[in-house]
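Peer 1: Here you go, one structure.
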Amino acid sequence: MCYVGPLSGAIITSILWKRTKSLRMFWLNLLFWGGALFGVIDHLLNGELFLISEDVSRDLLIGGVITGAILAAWGGVLYLIRKRPELLKTLSS
């Protein structure tokens, strides 16, 4: 169930990106889809994709930590682009 947080973020940012077409939202969207895909694959390999684990609160906490790490990574990317705008030109070429 730890993939629920990133998957929710991925769905929300997909909707927002379609409306705004913002490059920043695009990168956040990709990060969330990557986090959700990681969680789904992890649960699939462990045979517990649609099963509720014994400790749902722990799984949801892990999902929150993953979602927070994704947002922190996105914030780090935005910080780097703000400090070094030439990186954005490198990414778009």
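In the structure tokens, chains take the letters A, B, ... in the order shown, each chain's residues start at 1, and ligands count up from 1 in the order shown.
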Which residues come within 10 Å of segment 36-48 of chain A, counting only C-alpha atoms, excluding same-chain residues fewer than 3 positions away, as number ranges by chain?
Peer 2: A: 1-10, 30-33, 51-53, 63, 66-67
Peer 1: Those residues with C-alpha atoms, as a compact mmCIF listing (two decimals), in the first residue's frame please?
Peer 2:
```txt
# COMPACT_ATOMS: atom_id res chain seq x y z
CA MET A 1 0.00 0.00 0.00
CA CYS A 2 3.02 2.32 0.10
CA TYR A 3 2.48 3.11 -3.58
CA VAL A 4 -0.84 4.86 -2.83
CA GLY A 5 0.81 8.20 -1.96
CA PRO A 6 3.01 8.48 -5.06
CA LEU A 7 0.21 7.11 -7.26
CA SER A 8 -2.20 9.75 -5.93
CA GLY A 9 0.44 12.42 -6.56
CA ALA A 10 1.00 11.09 -10.08
CA LEU A 30 7.57 12.04 -13.91
CA LEU A 31 9.00 11.73 -10.41
CA PHE A 32 5.63 10.70 -8.98
CA TRP A 33 5.00 8.15 -11.75
CA LEU A 51 -3.47 -7.36 -0.40
CA ILE A 52 -3.73 -5.22 2.67
CA SER A 53 -0.71 -5.84 4.82
CA GLY A 63 4.13 6.01 1.25
CA ILE A 66 8.33 8.30 -0.39
CA THR A 67 6.01 11.14 -1.42
```
Peer 1: Per DSSP on the backbone, filter chain A down to the residues in helix (DSSP H, G or I) and report them as an MDAnalysis selection string.
Peer 2: chainID A and resid 4:20 23:45 56:83 86:92
Peer 1: Restricting the calculation to only C-alpha atoms, which member of A:Asn29, A:Arg24, A:Gly76, A:Arg58 is positioned closest to Ile12 of chain A?
Peer 2: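 Comparing A:Asn29, A:Arg24, A:Gly76, A:Arg58 against Ile12 of chain A, the winner is A:Asn29.
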Peer 1: What is the atom CA of Ser14 of chain A-atom CA of Trp74 of chain A distance in Å, reported with one decimal?
Peer 2: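 Result for atom CA of Ser14 of chain A versus atom CA of Trp74 of chain A: 15.2 Å, one decimal.
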Peer 1: For the atom pair atom CA of Ile70 of chain A and atom CA of Leu28 of chain A, what is the interatomic distance in Å to one decimal place?
Peer 2: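 We find that atom CA of Ile70 of chain A and atom CA of Leu28 of chain A lie 7.9 Å from each other.
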Peer 1: What separation in Å, quoted to one decimal, exists between atom CA of Thr20 of chain A and atom CA of Leu78 of chain A?
Peer 2: 17.1 Å
Peer 1: Name the closest residue to Gly75 of chain A among the candidates A:Leu61, A:Met25, A:Ile11, A:Leu16; distances are taken between atoms, counting only C-alpha atoms.
Peer 2: A:Met25
